[in-house]
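> Dropping in run.txt, which is compact mmCIF, C-alpha atoms and all ligand atoms:
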```txt
# COMPACT_ATOMS: atom_id res chain seq x y z
CA MET U 292 -19.81 31.59 -43.20
CA SER U 293 -17.23 29.92 -45.42
CA ARG U 294 -18.35 27.85 -48.37
CA ILE U 295 -16.69 24.74 -46.94
CA ALA U 296 -18.33 25.18 -43.52
CA ASP U 297 -21.64 25.76 -45.25
CA ASN U 298 -21.27 22.56 -47.29
CA ILE U 299 -20.52 20.58 -44.11
CA ARG U 300 -23.59 21.93 -42.36
CA GLN U 301 -25.85 21.23 -45.33
CA LEU U 302 -24.57 17.66 -45.63
CA ARG U 303 -25.02 17.00 -41.93
CA ALA U 304 -28.58 18.28 -42.11
CA THR U 305 -29.43 15.71 -44.79
CA LEU U 306 -27.55 12.70 -43.36
CA PRO U 307 -29.17 10.49 -40.71
CA GLU U 308 -27.44 10.95 -37.35
CA SER U 309 -26.31 7.34 -37.35
CA VAL U 310 -24.24 7.88 -40.52
CA THR U 311 -20.63 9.00 -40.02
CA LEU U 312 -19.44 11.68 -42.43
CA VAL U 313 -15.81 11.27 -43.48
CA ALA U 314 -14.59 14.53 -45.06
CA VAL U 315 -12.20 13.44 -47.81
CA SER U 316 -9.47 16.08 -47.76
CA LYS U 317 -6.91 14.56 -50.15
CA PHE U 318 -5.01 17.24 -52.12
CA LYS U 319 -6.64 19.95 -49.97
CA SER U 320 -4.66 22.42 -47.88
CA CYS U 321 -4.50 22.58 -44.08
CA ASP U 322 -6.37 25.90 -44.27
CA GLU U 323 -9.25 24.26 -46.13
CA ILE U 324 -9.30 21.40 -43.61
CA MET U 325 -9.42 23.97 -40.78
CA GLU U 326 -12.50 25.54 -42.33
CA ALA U 327 -14.26 22.19 -42.09
CA TYR U 328 -12.87 21.74 -38.58
CA GLY U 329 -14.35 25.11 -37.66
CA ALA U 330 -17.77 23.75 -38.65
CA GLY U 331 -17.29 20.90 -36.16
CA GLN U 332 -15.99 18.24 -38.57
CA ARG U 333 -13.54 15.89 -36.84
CA VAL U 334 -13.29 12.87 -39.16
CA PHE U 335 -11.11 13.30 -42.25
CA GLY U 336 -10.02 10.84 -44.92
CA GLU U 337 -6.78 10.87 -46.92
CA SER U 338 -5.54 8.59 -49.67
CA ARG U 339 -1.77 9.05 -49.51
CA ALA U 340 0.34 7.96 -46.56
CA LEU U 341 2.92 10.77 -46.58
CA GLU U 342 0.31 13.47 -47.11
CA LEU U 343 -1.64 12.02 -44.19
CA ARG U 344 1.46 11.91 -41.96
CA ASP U 345 2.25 15.57 -42.68
CA LYS U 346 -1.32 16.78 -42.15
CA HIS U 347 -1.60 14.83 -38.91
CA ALA U 348 1.56 16.55 -37.65
CA ALA U 349 0.30 20.03 -38.63
CA LEU U 350 -3.33 19.87 -37.52
CA PRO U 351 -5.23 19.56 -34.20
CA ASN U 352 -4.90 16.37 -32.19
CA ASP U 353 -8.60 15.68 -31.85
CA ILE U 354 -8.99 14.94 -35.58
CA GLN U 355 -9.70 11.29 -36.36
CA TRP U 356 -7.73 10.42 -39.47
CA HIS U 357 -8.99 7.72 -41.81
CA PHE U 358 -6.92 6.20 -44.59
CA ILE U 359 -8.99 5.50 -47.71
CA GLY U 360 -6.49 4.95 -50.56
CA HIS U 361 -4.48 2.00 -51.76
CA LEU U 362 -1.95 1.28 -49.00
CA GLN U 363 1.44 -0.16 -49.89
CA THR U 364 3.01 -2.22 -47.11
CA ASN U 365 6.15 -0.06 -47.10
CA LYS U 366 4.01 3.02 -46.28
CA ILE U 367 2.13 1.55 -43.31
CA LYS U 368 4.79 2.83 -40.94
CA TYR U 369 3.95 6.48 -41.69
CA ILE U 370 0.36 6.22 -40.51
CA ILE U 371 0.26 3.37 -38.00
CA PRO U 372 1.11 5.49 -34.91
CA PHE U 373 -2.09 7.54 -35.17
CA VAL U 374 -4.52 6.38 -37.89
CA SER U 375 -8.00 5.66 -36.52
CA LEU U 376 -9.52 3.62 -39.37
CA ILE U 377 -8.04 2.06 -42.51
CA HIS U 378 -10.84 1.62 -45.09
CA SER U 379 -8.77 -0.02 -47.77
CA ILE U 380 -7.46 -3.41 -46.66
CA ASP U 381 -7.31 -5.27 -49.98
CA SER U 382 -5.13 -8.28 -49.21
CA THR U 383 -4.51 -10.61 -46.28
CA LYS U 384 -0.82 -9.73 -46.50
CA LEU U 385 -1.66 -6.07 -45.88
CA LEU U 386 -3.90 -6.97 -42.95
CA GLU U 387 -1.15 -9.12 -41.40
CA GLU U 388 1.37 -6.34 -41.82
CA VAL U 389 -0.96 -3.73 -40.26
CA ASP U 390 -1.50 -6.12 -37.34
CA ALA U 391 2.25 -6.61 -36.83
CA GLN U 392 3.08 -2.90 -36.98
CA ALA U 393 0.14 -1.91 -34.78
CA ARG U 394 1.38 -4.45 -32.21
CA ASN U 395 4.82 -2.81 -32.25
CA HIS U 396 3.15 0.49 -31.44
CA GLY U 397 0.97 -1.01 -28.72
CA ARG U 398 -2.13 -0.10 -30.70
CA CYS U 399 -5.25 -1.82 -31.96
CA VAL U 400 -6.16 -0.27 -35.33
CA ASP U 401 -9.65 -0.59 -36.79
CA CYS U 402 -9.77 -1.76 -40.41
CA LEU U 403 -12.31 -2.33 -43.18
CA LEU U 404 -12.04 -4.96 -45.90
CA GLN U 405 -12.31 -3.28 -49.30
CA VAL U 406 -14.65 -5.20 -51.59
CA HIS U 407 -14.61 -4.87 -55.36
CA ILE U 408 -18.21 -4.12 -56.32
CA SER U 409 -17.88 -2.00 -59.48
CA GLN U 410 -17.60 -2.87 -63.16
CA GLU U 411 -14.26 -1.07 -63.29
CA GLU U 412 -11.04 -3.03 -63.60
CA THR U 413 -8.83 -0.52 -61.87
CA LYS U 414 -10.33 -0.52 -58.42
CA PHE U 415 -8.68 -2.59 -55.71
CA GLY U 416 -10.46 -4.95 -53.39
CA PHE U 417 -11.48 -8.50 -52.53
CA THR U 418 -14.10 -10.35 -54.53
CA HIS U 419 -17.16 -11.38 -52.51
CA ASP U 420 -15.86 -14.93 -52.24
CA GLU U 421 -12.40 -13.84 -51.14
CA CYS U 422 -13.99 -11.55 -48.58
CA ARG U 423 -16.09 -14.41 -47.16
CA ASP U 424 -12.93 -16.54 -46.91
CA VAL U 425 -11.09 -13.85 -44.97
CA LEU U 426 -14.07 -13.36 -42.65
CA ARG U 427 -14.38 -17.08 -42.01
CA LYS U 428 -10.73 -17.19 -40.94
CA LEU U 429 -11.05 -14.05 -38.81
CA ALA U 430 -14.17 -15.41 -37.12
CA VAL U 431 -12.06 -18.34 -35.87
CA SER U 432 -8.90 -16.38 -35.06
CA PRO U 433 -9.18 -12.59 -35.23
CA PHE U 434 -6.03 -10.46 -35.23
CA ALA U 435 -5.31 -8.82 -31.90
CA ASN U 436 -4.01 -5.52 -33.29
CA ALA U 437 -5.83 -5.14 -36.63
CA ASN U 438 -9.51 -5.18 -35.76
CA VAL U 439 -11.72 -5.73 -38.81
CA VAL U 440 -14.88 -3.73 -38.08
CA GLY U 441 -16.58 -3.72 -41.47
CA LEU U 442 -16.52 -3.39 -45.23
CA MET U 443 -15.85 -0.65 -47.78
CA GLY U 444 -16.78 -0.44 -51.44
CA MET U 445 -16.86 1.96 -54.38
CA ALA U 446 -19.64 1.75 -56.96
CA THR U 447 -19.10 2.16 -60.68
CA ASN U 448 -18.67 5.79 -61.69
CA THR U 449 -21.81 6.09 -63.83
CA ASP U 450 -25.04 8.07 -64.17
CA ASP U 451 -26.92 4.78 -64.18
CA MET U 452 -28.26 4.95 -60.62
CA ASP U 453 -30.00 1.56 -60.93
CA MET U 454 -26.62 0.00 -61.49
CA VAL U 455 -25.13 1.87 -58.53
CA ARG U 456 -28.10 0.88 -56.36
CA GLY U 457 -27.59 -2.77 -57.33
CA GLU U 458 -23.89 -2.66 -56.43
CA PHE U 459 -24.57 -1.08 -53.04
CA ALA U 460 -27.36 -3.59 -52.32
CA CYS U 461 -24.94 -6.40 -53.09
CA LEU U 462 -22.36 -5.00 -50.66
CA LYS U 463 -25.06 -4.54 -48.02
CA ARG U 464 -25.96 -8.25 -48.27
CA LEU U 465 -22.29 -9.19 -47.82
CA PHE U 466 -22.12 -6.80 -44.84
CA ASP U 467 -25.13 -8.55 -43.26
CA GLU U 468 -23.37 -11.90 -43.74
CA ALA U 469 -20.19 -10.47 -42.20
CA ARG U 470 -22.17 -9.25 -39.20
CA SER U 471 -23.70 -12.64 -38.63
CA MET U 472 -20.24 -14.25 -38.87
CA MET U 473 -18.53 -11.80 -36.49
CA PRO U 474 -21.28 -10.02 -34.55
CA GLN U 475 -18.90 -8.67 -31.89
CA HIS U 476 -16.69 -6.97 -34.46
CA ILE U 477 -18.58 -5.88 -37.56
CA SER U 478 -20.52 -2.59 -37.48
CA VAL U 479 -19.23 -0.30 -40.25
CA LEU U 480 -20.37 -0.20 -43.88
CA SER U 481 -18.40 2.50 -45.72
CA MET U 482 -19.99 3.30 -49.08
CA GLY U 483 -21.04 6.44 -50.92
CA MET U 484 -19.13 9.43 -52.30
CA SER U 485 -20.19 12.90 -53.48
CA GLU U 486 -22.15 11.65 -56.49
CA ASP U 487 -23.83 8.62 -54.94
CA TYR U 488 -23.97 9.03 -51.16
CA GLU U 489 -27.76 9.42 -51.03
CA THR U 490 -28.18 6.11 -52.84
CA ALA U 491 -25.60 4.54 -50.50
CA VAL U 492 -27.40 5.76 -47.38
CA GLN U 493 -30.70 4.39 -48.68
CA ALA U 494 -28.93 1.07 -49.23
CA GLY U 495 -27.69 0.96 -45.63
CA ALA U 496 -24.31 2.74 -45.48
CA THR U 497 -23.19 3.64 -41.95
CA MET U 498 -20.30 5.79 -43.21
CA VAL U 499 -19.96 8.01 -46.30
CA ARG U 500 -16.73 9.43 -47.76
CA ILE U 501 -17.31 12.84 -49.28
CA GLY U 502 -14.70 15.09 -50.89
CA SER U 503 -15.73 17.33 -53.77
CA LYS U 504 -19.16 18.13 -52.35
CA ILE U 505 -17.40 19.64 -49.34
CA PHE U 506 -14.18 21.09 -50.71
CA GLY U 507 -15.07 21.67 -54.35
CA ALA U 508 -13.89 19.82 -57.44
CA ARG U 509 -10.46 18.28 -57.33
CA GLY U 510 -7.80 20.32 -59.10
C1 LIG M 601 -11.53 10.60 -53.42
C2 LIG M 601 -12.27 9.52 -52.74
C3 LIG M 601 -13.54 9.76 -52.20
C4 LIG M 601 -14.28 11.09 -52.31
O1 LIG M 601 -14.65 11.33 -53.63
P1 LIG M 601 -15.63 12.56 -54.01
O2 LIG M 601 -16.24 12.14 -55.29
O3 LIG M 601 -14.73 13.75 -54.16
O4 LIG M 601 -16.60 12.72 -52.92
C5 LIG M 601 -14.16 8.72 -51.53
N1 LIG M 601 -13.57 7.51 -51.39
C6 LIG M 601 -12.37 7.24 -51.92
C7 LIG M 601 -11.79 5.89 -51.74
C8 LIG M 601 -11.67 8.23 -52.60
O5 LIG M 601 -10.46 7.96 -53.12
```
If you took the structure in this file and wrote it as structure tokens, what would it be?


Amino acid sequence: MSRIADNIRQLRATLPESVTLVAVSKFKSCDEIMEAYGAGQRVFGESRALELRDKHAALPNDIQWHFIGHLQTNKIKYIIPFVSLIHSIDSTKLLEEVDAQARNHGRCVDCLLQVHISQEETKFGFTHDECRDVLRKLAVSPFANANVVGLMGMATNTDDMDMVRGEFACLKRLFDEARSMMPQHISVLSMGMSEDYETAVQAGATMVRIGSKIFGARG
């Protein structure tokens, strides 16, 4: 059995069935992705629009492609015809633009609001208050073609697991608020990566995004 397939099987064995595993395949080859596919993996995440477009064209049609990176509005067009979930909506302008382009394609695209939960300056996302504002507006008038189904966050990259646990707990509370504001829509909490997914699952993640633990360290 290939190393990648083996990693997928081991991860699945430890994750609760209710948690969706997104295999983060950015910078990885189509051959490597096919090894994961061979182990039954169907949900893959990419962080660059053109790379995602090219892999979608080259790989089997039953893969569900998630976009997890910072999305520039001028790149939406490359992924909108097929993307199944955008994790990284970090402005209302981006959400409006996804809605408009999805409408042109006759699609309804699921989206997550990215929330800034870490101590790091460089990560994109709404503050908690901004996120509440957006949710309040959506609860009154949701977009028809950009369906906000949950929240995504990245914890601080640190060995201090108490800090990480605190950040995830904070996002979980915001997720619970979001659910009570839009119960028909909100069901996805995307948090946890290779180094912190166990903590994220304990804190209530419904979706984890795992790259290096499946495919090996990034080159
Ligand atoms: C790269 C990336 C991941 C996966 O990171 P690993 O540490 O390799 O598991 C998860 N989420 C986002 C947003 C990423 O950019």

> Write out as an NGL selection string which residues come within 9 Å of Glu326 (chain U) when counting all atoms listed in the file, dropping same-chain ones fewer than 2 positions away.

:U and (293-296 or 321-324 or 328-330 or 332)

> Using only C-alpha atoms and all ligand atoms, which residues of the polymer chains come no farther than 9 Å from ligand LIG 601 (chain M)? I'd like the answer as a PyMOL selection string.

chain U and resi 313-317+336-338+358-361+378-379+443-445+481-488+499-509

> Write out as a short mmCIF file (atom, residue, chain, number, x, y, z; two decimals) with C-alpha atoms, in the coordinates of the input each polymer residue whose atoms come within 12 Å of Gln363 (chain U), counting all atoms listed in the file; drop sequence neighbours fewer than 6 positions from it.


```cif
data_model
loop_
_atom_site.label_atom_id
_atom_site.label_comp_id
_atom_site.auth_asym_id
_atom_site.auth_seq_id
_atom_site.Cartn_x
_atom_site.Cartn_y
_atom_site.Cartn_z
CA SER U 338 -5.54 8.59 -49.67
CA ARG U 339 -1.77 9.05 -49.51
CA ALA U 340 0.34 7.96 -46.56
CA LEU U 341 2.92 10.77 -46.58
CA TYR U 369 3.95 6.48 -41.69
CA ILE U 370 0.36 6.22 -40.51
CA SER U 379 -8.77 -0.02 -47.77
CA ILE U 380 -7.46 -3.41 -46.66
CA ASP U 381 -7.31 -5.27 -49.98
CA SER U 382 -5.13 -8.28 -49.21
CA LYS U 384 -0.82 -9.73 -46.50
CA LEU U 385 -1.66 -6.07 -45.88
CA LEU U 386 -3.90 -6.97 -42.95
CA GLU U 388 1.37 -6.34 -41.82
CA VAL U 389 -0.96 -3.73 -40.26
CA PHE U 415 -8.68 -2.59 -55.71
#
```

> Compare U:Leu350, U:Glu308, U:Ile367, U:Leu302 by their minimum atom-to-atom distance to Ser320 (chain U), counting all atoms listed in the file, and give me the closest one.

U:Leu350

> Quick one: everything within 7 Å of region 456-467 of chain U, counting all atoms listed in the file, minus sequence neighbours fewer than 3 positions away in the same chain. Send it as a PyMOL selection string.

chain U and resi 408-409+442+446+452-453+470-471+480+490-491+494-495

> Pick from U:Phe373, U:Phe417, U:Phe318, U:Phe434: nearest to Arg398 (chain U), with only C-alpha atoms counted?

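So, comparing all the options, the nearest one is U:Phe373.
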
> Separation of CA of Arg344 (chain U) and CA of Val374 (chain U), in Å?

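Separating CA of Arg344 (chain U) from CA of Val374 (chain U) is a distance of 9.1 Å.
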
> Counting all atoms listed in the file, what is within 12 Å of Arg394 (chain U), bar same-chain residues fewer than 2 positions away, as a list in words?

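Surrounding residues, per the criterion: Lys368, Ile371, Pro372, Glu387, Glu388, Val389, Asp390, Ala391, Gln392, His396, Gly397, Arg398, Cys399, Val400, Phe434, Ala435, Asn436, Ala437 and Asn438 of chain U.
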